[in-house]
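Report on the structure given below.
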Amino acid sequence: MKTDIQIAQEAVMEPVEKVAGRLHIDADDLELYGKYKAKISDGYLEKIENNPDGKLILVTAINPTPAGEGKTTTSVGLGQAFGRLGKKAVIALREPSLGPCFGIKGGAAGGGYAQAVPMEDLNLHFTGDFHAITSANNLLAAMLDNHIQQGNALGIDTRQVVWKRCLDINDRVLRNIVVGLGSKMDGTVREDHFVITVASEIMAVLCLAADMEDMKKRLGRMVVAYDYKGMPVTAADLQAVGAMAALLKDAMKPNLIQTLEHTPVLVHGGPFANIAHGCNSIRATRAALKMADYVVTEAGFGADLGAEKFFDIKCRIGGLKPDVVVLVATVRALKYNGGMAKQDLGKENLEALENGIVNLEKHIENLHKYGVPVVVTLNSFLTDTEKEIAFVKGFCEKRSCEFAVSTVWENGGEGGIALAEKVLETLEKKESGFRLLYEDELPLKAKIRIVAKEIYGAGEVSYAPAAEKQLKQLETLGFGHLPVCMAKTQYSLSDDPGLLGRPEGFTMNVREAYVSAGAGFVVVLTGAVMTMPGLPKEPAALHIDVNKEGMVTGLF
């Protein structure tokens, strides 16, 4: 059986100008990065502003497990299936981080015969957007420390510096560091921290900004520290906005590539789905809606994190209205949720499936709370049996969900036709009554409680003393109207990664809260979520290489 990278490298790609031509994008509206990658010009985005919107289809999933779910694979395969049905479709995805590529998760281009290509470029440096974000983030950090060194006119309390440096690599030793060691000329000694680039607020800002003017306003609002009076100090106070914007001017433009079947894909931005909102840029999604009749996009991790943030943050800020949700599950993952050991998941076990399908049930219930029609799809594995598939199908249909089996990993767009037809049928039959989960005017703790109880199934929310103090301070400073961005483990509906299935009545533990004022949300950290991951004992980097022809191997 061929690996994903082998399939991708054997693909015959079309020049990106030809892919763009299907969307009526002229060559003059492209900024080429080689033969198969391009950025779309600001001028083209302005030209299509008054086009009618297509239908917005969100792809989300159950909680991720070691058994695999295939959310991006399904997104790509669904887009390809629309193409096979003669529909004008565009896929809008996030850019992958280097951290997972060299760590344990691997890349994010899809898989099998449902991939975005060029796969190696997408998963590595791509068009340099992440490097621009890293540079802008660290420029701000350098200007902050330089301001303190040069007299500290803003009265910054060095014990309350909240801006962190970033790097797009998993590197645990950088989580907590000391800077300024050496002589007096080497700066003020203080504790500092690194986050992975996808957790930088600048990444979230870029993905939520409507245009350059909006991005500059958001960059200016970012809180970098507090002064001795406890008042926030912003990037605008440090006069850093213009220089950061200069570094980000090209990163603001959406990137265009293609699938294995030449379906256009806009890939732009990639905020951390644990710490930030985990969705591609509003700019790319809006552009896709003006370009095509059907737009397939996705949100990070399971629906409890990704879909909730897509709805309550991205749609709230961007004024988007999703028309249908595709909820991805696998028989293997459901059996894993039902207590079955990973090595046994290939065996038929209806009891484990019945025990584990409660995880899918909770996600269905959650999505219905937003008033959006739901289509459940089983990403098929060869070990799935007819009885197992029939059980899941019946379970979903009893809960007012359409159902389809997807074989896009094996069969590409052809394997997604049944799913595409169900989506089209649902769009015809059911109109979205999209609504948000909570209103802006509610206090922060009320918003946290609603998400914890309604989406996660918690019985109570417990706050560490530091979190209590931080939330009160944020409301006093005028940030109480912002939505909450919950930072939680992706592996469970709860904040405990070991609680599989459908845990209920547990206590959600909030340990910290801080404002991402530029992005426009308050981050609420629960459990033991980290903003700088570490490499596993055997990282994927051990197996990645380049041969003498310059071909990358071992990437997955």
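Here's how to read the names in the structure tokens: chain A, B, ... by the order shown, residue numbers from 1 in each chain, ligand numbers from 1 in the order shown.
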
- Task: Would you kindly return, as a ChimeraX atom specification, each protein, DNA or RNA residue with an atom no farther than 6 Å from any atom of Cys207 in chain A, considering only C-alpha atoms and excluding same-chain residues fewer than 2 positions away?
- Result: /A:204-205,209,269,281-282

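Reported to one decimal place, the separation of CA of Asn349 in chain A from CA of Asp384 in chain A is 10.1 Å.
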
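Atom pair CA of Tyr294 in chain A / CA of Ile57 in chain A has a distance of 7.3 Å (rounded to one decimal).
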
- Fewer than 5 positions away in the same chain doesn't count, so skip those; otherwise give me all residues within 10 Å of Ile156 in chain A, counting only C-alpha atoms, as a PyMOL selection string. chain A and resi 144-145+147-148+161+224-233

For N, CA and C atoms, I'd like the residues from the last selection saved as an mmCIF file, in the first residue's frame.
data_model
loop_
_atom_site.group_PDB
_atom_site.id
_atom_site.type_symbol
_atom_site.label_atom_id
_atom_site.label_comp_id
_atom_site.auth_asym_id
_atom_site.auth_seq_id
_atom_site.Cartn_x
_atom_site.Cartn_y
_atom_site.Cartn_z
ATOM 1 N N LEU A 144 9.743 45.431 23.060
ATOM 2 C CA LEU A 144 9.298 45.515 24.452
ATOM 3 C C LEU A 144 10.494 45.524 25.396
ATOM 4 N N ASP A 145 11.394 44.573 25.230
ATOM 5 C CA ASP A 145 12.560 44.517 26.118
ATOM 6 C C ASP A 145 13.485 45.708 25.897
ATOM 7 N N HIS A 147 12.487 48.713 25.069
ATOM 8 C CA HIS A 147 11.846 49.851 25.735
ATOM 9 C C HIS A 147 12.191 49.854 27.229
ATOM 10 N N ILE A 148 12.138 48.682 27.844
ATOM 11 C CA ILE A 148 12.484 48.577 29.267
ATOM 12 C C ILE A 148 13.947 48.967 29.480
ATOM 13 N N VAL A 161 5.038 41.176 32.465
ATOM 14 C CA VAL A 161 5.166 41.091 31.011
ATOM 15 C C VAL A 161 4.443 39.822 30.560
ATOM 16 N N VAL A 224 0.693 43.592 25.839
ATOM 17 C CA VAL A 224 2.016 42.971 25.958
ATOM 18 C C VAL A 224 2.492 42.911 27.409
ATOM 19 N N ALA A 225 1.949 43.789 28.243
ATOM 20 C CA ALA A 225 2.393 43.847 29.647
ATOM 21 C C ALA A 225 1.408 44.722 30.417
ATOM 22 N N TYR A 226 1.661 44.843 31.709
ATOM 23 C CA TYR A 226 0.903 45.769 32.557
ATOM 24 C C TYR A 226 1.903 46.694 33.253
ATOM 25 N N ASP A 227 1.477 47.946 33.484
ATOM 26 C CA ASP A 227 2.376 48.887 34.148
ATOM 27 C C ASP A 227 2.240 48.763 35.667
ATOM 28 N N TYR A 228 2.961 49.619 36.384
ATOM 29 C CA TYR A 228 2.979 49.514 37.844
ATOM 30 C C TYR A 228 1.633 49.868 38.476
ATOM 31 N N LYS A 229 0.735 50.481 37.695
ATOM 32 C CA LYS A 229 -0.610 50.776 38.179
ATOM 33 C C LYS A 229 -1.610 49.678 37.829
ATOM 34 N N GLY A 230 -1.116 48.626 37.139
ATOM 35 C CA GLY A 230 -1.985 47.520 36.756
ATOM 36 C C GLY A 230 -2.756 47.761 35.474
ATOM 37 N N MET A 231 -2.393 48.794 34.708
ATOM 38 C CA MET A 231 -3.072 49.088 33.452
ATOM 39 C C MET A 231 -2.337 48.427 32.287
ATOM 40 N N PRO A 232 -3.102 47.993 31.254
ATOM 41 C CA PRO A 232 -2.460 47.301 30.138
ATOM 42 C C PRO A 232 -1.573 48.209 29.291
ATOM 43 N N VAL A 233 -0.469 47.642 28.835
ATOM 44 C CA VAL A 233 0.425 48.286 27.866
ATOM 45 C C VAL A 233 0.292 47.510 26.562
#

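Distances from A:Asn152, A:Glu95, A:Gln490, A:Pro100 to Met203 in chain A were compared using only C-alpha atoms, and the smallest one belongs to A:Glu95.
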
- Item | Those of range 12-242 of chain A in DSSP helix (DSSP H, G or I), formatted as a PyMOL selection string | chain A and resi 16-21+27-29+42-47+71-84+98-102+119-123+129-149+172-174+184-186+197-199+201-208+212-221+241-242

- Task: If you run DSSP over the backbone, which residues in range 71-198 of chain A end up strand (DSSP E or B)? Put them as a list in words.
- Result: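 Selecting the strand (DSSP E or B) positions of range 71-198 of chain A gives Ala89, Val90, Ile91, Ala92, Leu93, Gly110, Gly111, Ala114, Gln115, Ala116, Val117, Ile156, Asp157, Thr158, Arg159, Gln160, Val161, Arg165, Cys166, Leu167, Ile177, Val178, Val179, Arg190, Glu191, Asp192, Phe194, Val195 and Ile196 of chain A.
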
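Distance check against Thr285 in chain A using only C-alpha atoms: of A:Ile448, A:Cys401, A:Val90, A:Val12, the minimum falls on A:Val90.
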
- Can you work out which one of A:Cys101, A:Ala108, A:Met530, A:Ala81 has the shortest atom-to-atom distance to Val195 in chain A, counting only C-alpha atoms?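 Smallest separation from Val195 in chain A among the options: A:Met530.
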